[in-house]
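Okay, structure.cif now, which holds mmCIF, C-alpha atoms and all ligand atoms:
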data_query
#
loop_
_atom_site.label_atom_id
_atom_site.label_comp_id
_atom_site.auth_asym_id
_atom_site.auth_seq_id
_atom_site.Cartn_x
_atom_site.Cartn_y
_atom_site.Cartn_z
CA MET F 621 0.00 0.00 0.00
CA SER F 622 1.47 3.38 -1.01
CA ALA F 623 1.86 5.82 1.86
CA ASP F 624 0.76 8.71 -0.32
CA PHE F 625 -2.59 7.85 -1.76
CA TYR F 626 -5.59 5.64 -1.12
CA LYS F 627 -8.91 5.59 -2.85
CA THR F 628 -12.11 3.65 -2.31
CA LYS F 629 -15.84 3.93 -2.78
CA ILE F 630 -18.68 3.44 -0.32
CA SER F 631 -21.91 3.05 -2.19
CA ASN F 632 -21.71 6.08 -4.51
CA CYS F 633 -19.38 8.07 -2.30
CA HIS F 634 -15.71 8.34 -3.21
CA VAL F 635 -13.25 8.41 -0.33
CA ILE F 636 -9.88 9.79 -1.35
CA ALA F 637 -7.05 9.85 1.16
CA GLY F 638 -3.43 10.92 1.22
CA ASN F 639 -0.98 13.78 1.13
CA GLU F 640 -1.50 14.38 -2.59
CA ILE F 641 -5.28 14.51 -2.77
CA PHE F 642 -5.52 18.16 -3.70
CA THR F 643 -4.35 17.49 -7.23
CA GLU F 644 -7.50 15.38 -7.65
CA ILE F 645 -10.17 17.54 -6.06
CA ALA F 646 -10.94 19.83 -9.00
CA GLY F 647 -11.45 16.79 -11.25
CA TYR F 648 -14.05 15.41 -8.86
CA PHE F 649 -15.88 18.73 -8.80
CA ASP F 650 -16.03 18.64 -12.60
CA ASN F 651 -17.03 15.00 -12.94
CA TYR F 652 -19.92 15.46 -10.56
CA SER F 653 -20.90 18.94 -11.76
CA LEU F 654 -20.54 20.34 -8.26
CA ASN F 655 -21.22 24.00 -7.78
CA ARG F 656 -18.00 25.98 -7.48
CA THR F 657 -19.63 29.34 -6.88
CA ASP F 658 -22.06 28.49 -4.13
CA ILE F 659 -20.10 26.69 -1.44
CA VAL F 660 -20.69 26.91 2.31
CA ILE F 661 -18.02 25.62 4.65
CA LEU F 662 -19.11 24.48 8.10
CA LEU F 663 -16.29 24.62 10.63
CA ASP F 664 -15.52 25.27 14.30
CA GLU F 665 -13.02 27.66 15.89
CA ASN F 666 -10.20 25.09 15.70
CA THR F 667 -10.66 24.06 12.11
CA LYS F 668 -11.09 27.74 11.22
CA LYS F 669 -7.75 28.45 12.87
CA TYR F 670 -5.79 25.39 11.76
CA CYS F 671 -7.38 23.95 8.61
CA LEU F 672 -9.17 26.63 6.58
CA ASP F 673 -6.02 28.39 5.37
CA ILE F 674 -4.37 25.10 4.43
CA LEU F 675 -7.46 24.15 2.44
CA LYS F 676 -7.44 27.49 0.63
CA GLU F 677 -3.70 27.31 -0.03
CA LYS F 678 -4.01 23.87 -1.54
CA THR F 679 -6.83 24.64 -3.95
CA ASP F 680 -8.60 27.76 -5.20
CA LEU F 681 -11.95 25.96 -5.19
CA PHE F 682 -12.88 27.36 -1.80
CA GLU F 683 -11.66 30.91 -2.34
CA HIS F 684 -15.12 32.46 -2.33
CA ALA F 685 -16.82 30.03 0.00
CA LYS F 686 -19.12 31.37 2.68
CA ILE F 687 -18.39 30.25 6.21
CA ILE F 688 -20.64 28.99 8.98
CA ASP F 689 -18.78 28.89 12.23
CA ILE F 690 -19.89 26.96 15.32
CA ASN F 691 -18.34 26.21 18.70
CA SER F 692 -16.37 23.00 18.90
CA GLY F 693 -17.19 19.97 21.02
CA GLU F 694 -19.72 17.21 21.52
CA ALA F 695 -21.83 19.50 23.74
CA ASN F 696 -22.67 21.40 20.54
CA LYS F 697 -23.81 18.40 18.47
CA THR F 698 -27.36 19.41 19.26
CA LEU F 699 -30.64 20.52 17.75
CA ASP F 700 -29.89 24.09 18.88
CA THR F 701 -26.72 24.16 16.80
CA ALA F 702 -28.51 22.50 13.90
CA SER F 703 -31.19 25.23 14.08
CA TYR F 704 -28.50 27.89 14.14
CA ILE F 705 -26.92 26.44 10.97
CA TRP F 706 -30.31 26.13 9.21
CA ASP F 707 -30.94 29.80 10.05
CA LYS F 708 -27.61 30.76 8.54
CA LEU F 709 -28.22 28.68 5.41
CA SER F 710 -31.61 30.29 5.04
CA ASP F 711 -30.13 33.80 5.52
CA MET F 712 -27.58 32.99 2.82
CA ALA F 713 -30.43 31.84 0.55
CA ALA F 714 -28.77 28.45 0.23
CA ASP F 715 -30.67 26.21 -2.12
CA ARG F 716 -30.33 22.75 -3.60
CA HIS F 717 -27.42 23.89 -5.75
CA THR F 718 -25.43 24.89 -2.70
CA LEU F 719 -22.58 22.55 -1.81
CA MET F 720 -21.88 22.19 1.88
CA VAL F 721 -18.36 21.33 3.00
CA ASN F 722 -17.94 19.88 6.47
CA LEU F 723 -14.42 20.78 7.54
CA GLY F 724 -13.73 19.29 10.94
CA GLY F 725 -13.80 16.33 13.24
CA GLY F 726 -16.57 13.85 13.87
CA VAL F 727 -18.81 16.47 15.42
CA ILE F 728 -18.69 18.71 12.33
CA CYS F 729 -19.07 15.72 9.98
CA ASP F 730 -22.00 14.15 11.91
CA LEU F 731 -23.79 17.44 12.47
CA GLY F 732 -23.02 18.93 9.04
CA ALA F 733 -24.24 15.80 7.27
CA PHE F 734 -27.45 15.88 9.31
CA VAL F 735 -28.07 19.56 8.67
CA ALA F 736 -27.32 19.27 4.95
CA SER F 737 -29.48 16.17 4.51
CA VAL F 738 -32.55 17.75 6.04
CA TYR F 739 -32.30 21.28 4.64
CA LYS F 740 -34.63 21.61 1.62
CA ARG F 741 -34.77 17.80 1.54
CA GLY F 742 -31.08 17.54 1.01
CA LEU F 743 -28.06 19.59 -0.01
CA LYS F 744 -25.08 17.91 -1.61
CA PHE F 745 -22.22 17.82 0.85
CA ILE F 746 -18.63 16.69 1.12
CA ASN F 747 -16.74 15.80 4.27
CA ILE F 748 -13.17 16.88 4.86
CA PRO F 749 -12.34 15.15 8.14
CA THR F 750 -9.58 16.79 10.17
CA THR F 751 -9.20 14.57 13.27
CA LEU F 752 -7.86 11.04 13.47
CA MET F 753 -11.32 9.95 14.71
CA SER F 754 -13.00 11.35 11.63
CA GLN F 755 -10.28 10.23 9.19
CA VAL F 756 -10.48 6.60 10.32
CA ASP F 757 -14.19 6.45 11.09
CA ALA F 758 -16.62 9.35 11.54
CA GLY F 759 -15.99 11.16 8.25
CA PHE F 760 -17.33 8.41 5.98
CA GLY F 761 -19.86 5.59 6.03
CA GLY F 762 -23.08 7.55 5.57
CA LYS F 763 -24.25 8.02 9.16
CA SER F 764 -25.26 11.48 10.30
CA ALA F 765 -26.46 12.36 13.78
CA ILE F 766 -27.05 14.81 16.55
CA ASP F 767 -27.47 14.12 20.26
CA PHE F 768 -30.90 14.80 21.74
CA ASN F 769 -32.09 14.98 25.36
CA GLY F 770 -28.61 13.94 26.44
CA ILE F 771 -28.74 10.74 24.38
CA LYS F 772 -25.94 10.18 21.88
CA ASN F 773 -26.93 10.19 18.21
CA LEU F 774 -30.64 9.91 18.99
CA LEU F 775 -31.61 11.83 15.84
CA GLY F 776 -29.99 11.07 12.54
CA LEU F 777 -30.25 9.51 9.14
CA PHE F 778 -28.23 7.59 6.63
CA SER F 779 -27.04 10.04 4.03
CA ASP F 780 -23.93 9.91 1.86
CA PRO F 781 -21.54 12.73 1.13
CA VAL F 782 -20.65 13.04 -2.54
CA PHE F 783 -16.96 12.75 -1.63
CA VAL F 784 -14.77 12.46 1.39
CA PHE F 785 -11.27 13.97 1.23
CA VAL F 786 -8.91 12.69 3.87
CA TYR F 787 -5.75 14.81 4.16
CA PRO F 788 -3.58 13.37 6.97
CA PRO F 789 -1.37 16.50 7.37
CA PHE F 790 -4.40 18.24 8.93
CA LEU F 791 -3.57 16.10 11.95
CA ASN F 792 -0.35 18.06 12.57
CA SER F 793 -2.23 20.61 14.67
CA LEU F 794 -4.34 18.10 16.61
CA ASN F 795 -3.66 17.90 20.34
CA THR F 796 -2.53 14.62 21.84
CA ARG F 797 -5.79 13.97 23.64
CA ASP F 798 -7.84 14.23 20.44
CA PHE F 799 -5.22 12.18 18.58
CA TYR F 800 -5.53 9.31 21.03
CA SER F 801 -9.30 9.58 20.86
CA GLY F 802 -9.12 8.43 17.23
CA PHE F 803 -6.74 5.64 18.23
CA ALA F 804 -9.64 4.08 20.18
CA GLU F 805 -11.42 3.25 16.90
CA ILE F 806 -8.19 1.75 15.53
CA ILE F 807 -7.99 -0.44 18.66
CA LYS F 808 -11.61 -1.41 17.95
CA TYR F 809 -10.61 -2.42 14.41
CA SER F 810 -7.89 -4.65 15.87
CA VAL F 811 -10.54 -6.59 17.81
CA ILE F 812 -13.10 -6.84 15.03
CA SER F 813 -10.76 -7.49 12.08
CA ASP F 814 -7.38 -8.87 11.19
CA VAL F 815 -6.58 -5.74 9.21
CA ILE F 816 -5.14 -4.01 12.27
CA GLN F 817 -2.68 -6.32 14.03
CA PRO F 818 -1.49 -6.23 17.65
CA ASP F 819 1.85 -4.92 16.33
CA ASP F 820 0.03 -1.88 14.94
CA LEU F 821 -1.17 -1.10 18.46
CA ILE F 822 2.11 -1.75 20.19
CA ASN F 823 3.97 0.45 17.70
CA PHE F 824 1.38 3.25 17.62
CA ASP F 825 3.30 6.50 17.20
CA ILE F 826 1.66 9.78 16.35
CA HIS F 827 4.98 11.16 15.09
CA ASN F 828 5.61 8.47 12.49
CA LYS F 829 3.67 9.97 9.60
CA VAL F 830 4.29 7.21 7.05
CA TYR F 831 3.11 4.59 9.50
CA LEU F 832 0.12 6.71 10.51
CA ASN F 833 -0.97 7.18 6.89
CA LYS F 834 -0.91 3.40 6.46
CA LEU F 835 -3.05 2.95 9.57
CA ILE F 836 -5.52 5.53 8.26
CA PHE F 837 -5.70 3.84 4.85
CA LYS F 838 -6.11 0.37 6.40
CA SER F 839 -8.89 1.68 8.64
CA ILE F 840 -10.71 3.33 5.73
CA GLY F 841 -10.34 0.15 3.69
CA PHE F 842 -11.70 -2.06 6.44
CA LYS F 843 -14.66 0.12 7.41
CA SER F 844 -15.56 0.65 3.74
CA SER F 845 -15.55 -3.08 3.06
CA ILE F 846 -17.99 -3.68 5.92
CA VAL F 847 -20.27 -0.76 5.10
CA ASN F 848 -20.45 -1.75 1.43
CA LEU F 849 -21.78 -5.16 2.45
CA ASP F 850 -24.44 -3.71 4.73
CA LEU F 851 -25.10 -0.04 4.01
CA ARG F 852 -28.04 0.37 6.38
CA GLU F 853 -26.83 -1.76 9.28
CA ASN F 854 -29.20 -4.69 8.99
CA GLY F 855 -26.57 -7.20 10.09
CA LEU F 856 -22.82 -7.30 9.52
CA ARG F 857 -22.27 -3.57 9.96
CA LYS F 858 -23.23 -3.90 13.61
CA ILE F 859 -19.70 -5.18 14.14
CA LEU F 860 -18.52 -1.57 13.87
CA ASN F 861 -20.52 -0.84 17.02
CA PHE F 862 -18.32 -3.13 19.10
CA GLY F 863 -17.46 -1.26 22.31
CA HIS F 864 -20.16 1.32 21.66
CA THR F 865 -23.06 -0.06 23.73
CA ILE F 866 -21.19 0.62 26.94
CA GLY F 867 -19.00 3.29 25.31
CA HIS F 868 -21.90 5.49 24.22
CA ALA F 869 -23.47 5.12 27.68
CA MET F 870 -20.18 6.27 29.24
CA GLU F 871 -20.05 9.21 26.83
CA SER F 872 -23.63 10.31 27.57
CA PHE F 873 -23.01 9.82 31.30
CA SER F 874 -19.87 11.94 31.21
CA LEU F 875 -21.50 14.68 29.10
CA ILE F 876 -24.08 15.11 31.85
CA ASN F 877 -21.85 14.66 34.88
CA ASP F 878 -18.43 16.09 34.00
CA LYS F 879 -17.37 19.59 33.10
CA ASN F 880 -14.35 18.22 31.24
CA TYR F 881 -16.28 15.38 29.64
CA LEU F 882 -14.78 12.26 28.04
CA THR F 883 -13.98 12.42 24.35
CA HIS F 884 -15.80 9.93 22.14
CA GLY F 885 -12.67 7.79 21.89
CA GLU F 886 -12.01 7.85 25.64
CA ALA F 887 -15.55 6.61 26.26
CA ILE F 888 -15.26 3.97 23.54
CA ALA F 889 -11.94 2.77 24.94
CA ILE F 890 -13.75 1.97 28.22
CA GLY F 891 -16.52 0.30 26.21
CA ILE F 892 -13.96 -1.81 24.34
CA ILE F 893 -12.44 -3.06 27.59
CA CYS F 894 -15.86 -3.91 29.08
CA GLU F 895 -17.21 -5.54 25.93
CA THR F 896 -13.99 -7.52 25.43
CA TYR F 897 -14.48 -8.74 29.01
CA LEU F 898 -18.06 -9.79 28.16
CA SER F 899 -16.72 -11.49 25.02
CA VAL F 900 -14.25 -13.51 27.11
CA LYS F 901 -16.99 -14.48 29.60
CA LYS F 902 -19.74 -15.29 27.13
CA SER F 903 -18.23 -16.03 23.73
CA GLY F 904 -14.82 -17.52 24.38
CA PHE F 905 -12.72 -14.56 23.22
CA PRO F 906 -9.06 -15.21 24.13
CA GLU F 907 -8.23 -13.79 27.53
CA SER F 908 -4.64 -13.00 26.50
CA PHE F 909 -5.94 -10.64 23.78
CA MET F 910 -8.21 -8.96 26.33
CA HIS F 911 -5.15 -8.28 28.51
CA LEU F 912 -3.24 -6.84 25.56
CA ILE F 913 -6.14 -4.54 24.64
CA ALA F 914 -6.59 -3.41 28.24
CA SER F 915 -2.90 -2.66 28.66
CA VAL F 916 -2.72 -0.65 25.41
CA ILE F 917 -5.79 1.33 26.43
CA LEU F 918 -4.48 2.03 29.93
CA GLN F 919 -1.25 3.25 28.36
CA TYR F 920 -2.96 5.87 26.18
CA PHE F 921 -6.17 6.78 28.00
CA PRO F 922 -6.60 8.18 31.51
CA LYS F 923 -8.45 5.93 33.90
CA TYR F 924 -12.01 7.14 34.42
CA SER F 925 -13.56 6.68 37.80
CA ILE F 926 -16.90 4.85 37.87
CA LYS F 927 -18.62 3.69 41.01
CA PRO F 928 -21.33 1.03 41.48
CA ALA F 929 -23.73 3.89 42.30
CA ASP F 930 -23.31 5.11 38.69
CA PHE F 931 -24.33 1.79 37.13
CA ILE F 932 -28.08 2.49 37.17
CA GLN F 933 -27.63 5.71 35.20
CA LEU F 934 -25.28 3.94 32.77
CA LEU F 935 -27.78 1.10 32.25
CA GLY F 936 -30.46 3.72 31.63
CA PHE F 937 -28.37 5.08 28.74
CA MET F 938 -27.74 1.58 27.36
CA LYS F 939 -31.51 1.09 27.09
CA HIS F 940 -31.46 3.72 24.32
CA ASP F 941 -28.92 1.83 22.21
CA LYS F 942 -30.15 1.56 18.63
CA LYS F 943 -29.28 -2.16 18.43
CA ASN F 944 -31.70 -3.12 21.23
CA LEU F 945 -34.63 -5.36 20.51
CA ALA F 946 -37.88 -5.70 22.48
CA GLY F 947 -36.45 -3.61 25.31
CA LYS F 948 -33.41 -5.88 25.75
CA ILE F 949 -29.86 -4.52 25.60
CA LYS F 950 -28.17 -6.28 22.69
CA PHE F 951 -24.40 -6.50 22.34
CA VAL F 952 -22.01 -7.33 19.54
CA LEU F 953 -19.56 -9.73 21.18
CA MET F 954 -16.45 -11.34 19.73
CA LYS F 955 -15.59 -15.06 19.66
CA ALA F 956 -12.10 -14.33 18.36
CA PRO F 957 -10.45 -11.31 16.72
CA GLY F 958 -12.50 -10.73 13.56
CA ILE F 959 -15.31 -13.18 14.43
CA ALA F 960 -18.41 -11.60 15.91
CA VAL F 961 -21.64 -12.86 17.41
CA PHE F 962 -24.52 -10.44 17.07
CA ASP F 963 -27.55 -9.51 19.16
CA GLN F 964 -26.22 -11.01 22.36
CA ASP F 965 -28.23 -10.50 25.55
CA CYS F 966 -26.29 -9.45 28.61
CA ASN F 967 -28.15 -9.00 31.86
CA LYS F 968 -27.63 -6.24 34.43
CA GLU F 969 -25.37 -8.40 36.57
CA GLU F 970 -23.09 -9.27 33.65
CA ILE F 971 -22.86 -5.63 32.57
CA ALA F 972 -22.09 -4.61 36.15
CA GLU F 973 -19.37 -7.28 36.30
CA ALA F 974 -17.79 -5.87 33.13
CA LEU F 975 -17.91 -2.32 34.52
CA ASN F 976 -16.37 -3.59 37.76
CA TYR F 977 -13.61 -5.27 35.77
CA TYR F 978 -12.74 -1.92 34.21
CA ALA F 979 -13.04 -0.11 37.55
CA GLY F 980 -10.66 -2.61 39.14
CA LEU F 981 -7.89 -2.33 36.53
N1 LIG H 1001 -20.81 8.90 11.92
C1 LIG H 1001 -19.98 7.97 12.31
O1 LIG H 1001 -19.87 6.91 11.71
C2 LIG H 1001 -19.13 8.23 13.53
C3 LIG H 1001 -18.10 7.34 13.85
C4 LIG H 1001 -17.28 7.64 14.93
C5 LIG H 1001 -17.50 8.78 15.69
N2 LIG H 1001 -18.54 9.60 15.37
C6 LIG H 1001 -18.77 10.83 16.13
O2 LIG H 1001 -17.61 11.65 16.02
C7 LIG H 1001 -17.59 12.54 17.14
C8 LIG H 1001 -16.18 12.62 17.69
O3 LIG H 1001 -15.32 13.08 16.69
P1 LIG H 1001 -13.92 13.77 17.03
O4 LIG H 1001 -13.18 12.92 17.98
O5 LIG H 1001 -13.30 14.12 15.74
O6 LIG H 1001 -14.34 15.04 17.87
P2 LIG H 1001 -14.50 16.60 17.49
O7 LIG H 1001 -15.13 16.78 16.19
O8 LIG H 1001 -15.12 17.21 18.68
O9 LIG H 1001 -12.98 17.08 17.37
C9 LIG H 1001 -12.15 17.06 18.50
C10 LIG H 1001 -11.49 18.43 18.72
O10 LIG H 1001 -10.48 18.63 17.74
C11 LIG H 1001 -10.63 19.93 17.15
N3 LIG H 1001 -10.03 19.83 15.83
C12 LIG H 1001 -10.58 19.26 14.73
N4 LIG H 1001 -9.65 19.20 13.74
C13 LIG H 1001 -8.54 19.78 14.22
C14 LIG H 1001 -7.24 20.01 13.68
N5 LIG H 1001 -6.90 19.55 12.46
N6 LIG H 1001 -6.33 20.64 14.44
C15 LIG H 1001 -6.64 21.05 15.70
N7 LIG H 1001 -7.84 20.83 16.29
C16 LIG H 1001 -8.77 20.20 15.54
C17 LIG H 1001 -12.10 20.18 17.21
O11 LIG H 1001 -12.38 21.55 17.11
C18 LIG H 1001 -12.44 19.61 18.60
O12 LIG H 1001 -12.12 20.55 19.59
C19 LIG H 1001 -18.59 12.01 18.14
O13 LIG H 1001 -19.73 12.81 18.12
C20 LIG H 1001 -18.94 10.63 17.61
O14 LIG H 1001 -20.24 10.22 17.96
C21 LIG H 1001 -19.34 9.35 14.30
ZN ZN H 1002 -17.12 5.44 17.64
#
Rewritten as structure tokens:
Amino acid sequence: MSADFYKTKISNCHVIAGNEIFTEIAGYFDNYSLNRTDIVILLDENTKKYCLDILKEKTDLFEHAKIIDINSGEANKTLDTASYIWDKLSDMAADRHTLMVNLGGGVICDLGAFVASVYKRGLKFINIPTTLMSQVDAGFGGKSAIDFNGIKNLLGLFSDPVFVFVYPPFLNSLNTRDFYSGFAEIIKYSVISDVIQPDDLINFDIHNKVYLNKLIFKSIGFKSSIVNLDLRENGLRKILNFGHTIGHAMESFSLINDKNYLTHGEAIAIGIICETYLSVKKSGFPESFMHLIASVILQYFPKYSIKPADFIQLLGFMKHDKKNLAGKIKFVLMKAPGIAVFDQDCNKEEIAEALNYYAGL
């Protein structure tokens, strides 16, 4: 695999990744007759500061783009922010010819895709993911979402960008905490596939750019292959939610209870440990791999304190998980790296045991 360029397609959406992508962008605009004169870029204060100028330097396509600027962070992935953006689009007289460009991390990509898909029954949009999290996961795959009533991703729809442009050098300005957040999804890929190997985790190094590009390309390749087989998550795609039943509950819990709330990846890292534990207990996942995963996670992610008194609230959040059936919390568990069992019931006691395992590490 070249370290410079990677290209794939998810449904009709092209995903183009690498340090040389900007030579290709204009061609894609032409092939798909995208509007060059009516472009709106959605960004937050960090991507305005660190990414907008790079984007404009690399191509003149965005020279005259209008900007919609929102505050960064998961706490803003809400209906209020969506309303604010719809107001702005309406003030700008955006119409179905307008092209929306989501320049940012997973929050901008999730929220921007949602806003664009609903406005006037759908604007064309492209995602330009700028965090590791969004370059390996959130920026492509066709899911859009906002949080609602404190529940993660409660409102959303499947809706594809026309293109996704992944430019790894955007990551140069990312802080370490947000970098590691994206690493959590790469750790997830190591459990659910053989594309990411234990060596990839042990050697993870945010300064080794060639190696990092390869990890990004492998992650895009793996997620794309799964999504293409199950675009609307009727079966196989659920594997990508490994770690997210407990992880999303942790994230929602922290958003409500902590001023400095967990990042998505930090919450998912906890979910991965707990759901690997459940996989060992219930599906025969190798214990040695669980120990490896737990030790890698403890090396990169701060330990989060959870007490038995918090379990009820966490279980309450798990009841909102989109994979649940007939009111039962359903998990994706693993038999072995890469081999999943779907729709597994775990009762309160088992979930509490998994949370206790994490708490006791
Ligand atoms: N749709 C999906 O398939 C999917 C998959 C995984 C995660 N997600 C969602 O993604 C979100 C998390 O994404 P995230 O981790 O990217 O968080 P984020 O979007 O909040 O970005 C993290 C921080 O990095 C800043 N930032 C972004 N790019 C930067 C850059 N190049 N340099 C400096 N700072 C930069 C942002 O402003 C923010 O402060 C969650 O809401 C999660 O639910 C969605
Ligand atoms: Zn995730």
For chain F against ligand ZN 1002 (chain H), with a cut-off of 9 Å and counting only C-alpha atoms and all ligand atoms, what is the closest atom pair and its distance in Å to one decimal for every residue that makes the cut, ordered by chain and number, as CSV?
residue,atom,partner,partner_atom,distance
F:Met753,CA,H:ZN1002,ZN,7.9
F:Asp757,CA,H:ZN1002,ZN,7.2
F:Ala758,CA,H:ZN1002,ZN,7.3
F:Gly802,CA,H:ZN1002,ZN,8.6
F:Ala804,CA,H:ZN1002,ZN,8.0
F:Glu805,CA,H:ZN1002,ZN,6.2
F:Lys808,CA,H:ZN1002,ZN,8.8
F:Leu860,CA,H:ZN1002,ZN,8.1
F:Asn861,CA,H:ZN1002,ZN,7.2
F:Phe862,CA,H:ZN1002,ZN,8.8
F:Gly863,CA,H:ZN1002,ZN,8.2
F:His864,CA,H:ZN1002,ZN,6.5
F:Gly867,CA,H:ZN1002,ZN,8.2
F:His868,CA,H:ZN1002,ZN,8.1
F:His884,CA,H:ZN1002,ZN,6.5
F:Gly885,CA,H:ZN1002,ZN,6.6
F:Ala887,CA,H:ZN1002,ZN,8.8
F:Ile888,CA,H:ZN1002,ZN,6.4
List every residue of region 804-880 of chain F that has an atom at most 10 Å from any atom of region 949-961 of chain F, giving for each one its closest atom pair and the distance in Å to one decimal, counting only C-alpha atoms, sorted by chain and then by ascending residue number, as JSON lines.
{"residue": "F:Tyr809", "atom": "CA", "partner": "F:Gly958", "partner_atom": "CA", "distance": 8.6}
{"residue": "F:Ser810", "atom": "CA", "partner": "F:Pro957", "partner_atom": "CA", "distance": 7.2}
{"residue": "F:Val811", "atom": "CA", "partner": "F:Pro957", "partner_atom": "CA", "distance": 4.8}
{"residue": "F:Ile812", "atom": "CA", "partner": "F:Gly958", "partner_atom": "CA", "distance": 4.2}
{"residue": "F:Ser813", "atom": "CA", "partner": "F:Gly958", "partner_atom": "CA", "distance": 4.0}
{"residue": "F:Asp814", "atom": "CA", "partner": "F:Gly958", "partner_atom": "CA", "distance": 5.9}
{"residue": "F:Val815", "atom": "CA", "partner": "F:Gly958", "partner_atom": "CA", "distance": 8.9}
{"residue": "F:Gln817", "atom": "CA", "partner": "F:Pro957", "partner_atom": "CA", "distance": 9.6}
{"residue": "F:Leu856", "atom": "CA", "partner": "F:Ala960", "partner_atom": "CA", "distance": 8.9}
{"residue": "F:Lys858", "atom": "CA", "partner": "F:Val952", "partner_atom": "CA", "distance": 7.0}
{"residue": "F:Ile859", "atom": "CA", "partner": "F:Val952", "partner_atom": "CA", "distance": 6.3}
{"residue": "F:Leu860", "atom": "CA", "partner": "F:Val952", "partner_atom": "CA", "distance": 8.8}
{"residue": "F:Asn861", "atom": "CA", "partner": "F:Val952", "partner_atom": "CA", "distance": 7.1}
{"residue": "F:Phe862", "atom": "CA", "partner": "F:Val952", "partner_atom": "CA", "distance": 5.6}
{"residue": "F:Gly863", "atom": "CA", "partner": "F:Val952", "partner_atom": "CA", "distance": 8.1}
{"residue": "F:His864", "atom": "CA", "partner": "F:Phe951", "partner_atom": "CA", "distance": 8.9}
{"residue": "F:Thr865", "atom": "CA", "partner": "F:Phe951", "partner_atom": "CA", "distance": 6.7}
{"residue": "F:Ile866", "atom": "CA", "partner": "F:Phe951", "partner_atom": "CA", "distance": 9.1}
Quick one: which chain F residues come within 6 Å of ligand LIG 1001 (chain H), and what is the nearest atom pair for each with the distance in Å to one decimal, counting all atoms listed in the file, rows ordered by chain and ascending number, as a Markdown table?
| residue | atom | partner | partner_atom | distance |
| --- | --- | --- | --- | --- |
| F:Asp664 | CA | H:LIG1001 | O11 | 5.6 |
| F:Asn666 | CA | H:LIG1001 | O11 | 4.4 |
| F:Thr667 | CA | H:LIG1001 | C13 | 5.2 |
| F:Tyr670 | CA | H:LIG1001 | N6 | 5.5 |
| F:Cys671 | CA | H:LIG1001 | N5 | 5.9 |
| F:Ser692 | CA | H:LIG1001 | O11 | 4.6 |
| F:Gly693 | CA | H:LIG1001 | O8 | 4.2 |
| F:Glu694 | CA | H:LIG1001 | O8 | 5.4 |
| F:Gly724 | CA | H:LIG1001 | C12 | 4.9 |
| F:Gly725 | CA | H:LIG1001 | O7 | 3.3 |
| F:Gly726 | CA | H:LIG1001 | O3 | 3.2 |
| F:Val727 | CA | H:LIG1001 | O7 | 3.8 |
| F:Ile728 | CA | H:LIG1001 | O7 | 5.6 |
| F:Asp730 | CA | H:LIG1001 | N1 | 5.4 |
| F:Thr750 | CA | H:LIG1001 | N4 | 4.3 |
| F:Thr751 | CA | H:LIG1001 | N4 | 4.7 |
| F:Met753 | CA | H:LIG1001 | O5 | 4.7 |
| F:Ser754 | CA | H:LIG1001 | O5 | 5.0 |
| F:Asp757 | CA | H:LIG1001 | C3 | 4.9 |
| F:Ala758 | CA | H:LIG1001 | C2 | 3.4 |
| F:Gly761 | CA | H:LIG1001 | O1 | 5.8 |
| F:Lys763 | CA | H:LIG1001 | N1 | 4.5 |
| F:Ser764 | CA | H:LIG1001 | N1 | 5.4 |
| F:Phe790 | CA | H:LIG1001 | N5 | 4.5 |
| F:Leu791 | CA | H:LIG1001 | N5 | 4.8 |
| F:Ser793 | CA | H:LIG1001 | N6 | 4.1 |
| F:Leu794 | CA | H:LIG1001 | C15 | 3.8 |
| F:Asp798 | CA | H:LIG1001 | C9 | 5.5 |
| F:Ser801 | CA | H:LIG1001 | O4 | 5.9 |
| F:His884 | CA | H:LIG1001 | C8 | 5.2 |
The residues within 12 Å of (-29.2, 31.3, 10.2), using all atoms listed in the file and the coordinates of the file, should be reported as a list in words; which are they?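 These residues have at least one counted atom within 12 Å: Ile687, Ile688, Asp689, Ile690, Asp700, Thr701, Ala702, Ser703, Tyr704, Ile705, Trp706, Asp707, Lys708, Leu709, Ser710, Asp711, Met712, Ala713, Ala714, Val735 and Tyr739 of chain F.
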Between CA of Gly776 (chain F) and CA of Asn747 (chain F), what is the distance in Å, rounded to a tenth? 16.3 Å
Please identify every residue of region 680-791 of chain F that has at least one atom no farther than 12 Å from an atom of region 820-828 of chain F, counting all atoms listed in the file, and for each give the shortest atom pair and the distance in Å to one decimal, arranged by chain then increasing number, as CSV.
residue,atom,partner,partner_atom,distance
F:Leu752,CA,F:Ile826,CA,10.0
F:Pro788,CA,F:Ile826,CA,11.3
F:Pro789,CA,F:His827,CA,11.3
F:Leu791,CA,F:Ile826,CA,9.3
Selection export as a short mmCIF file (atom, residue, chain, number, x, y, z; two decimals), in the coordinates of the input, atoms kept: C-alpha atoms:
data_model
loop_
_atom_site.label_atom_id
_atom_site.label_comp_id
_atom_site.auth_asym_id
_atom_site.auth_seq_id
_atom_site.Cartn_x
_atom_site.Cartn_y
_atom_site.Cartn_z
CA LEU F 752 -7.86 11.04 13.47
CA PRO F 788 -3.58 13.37 6.97
CA PRO F 789 -1.37 16.50 7.37
CA LEU F 791 -3.57 16.10 11.95
#
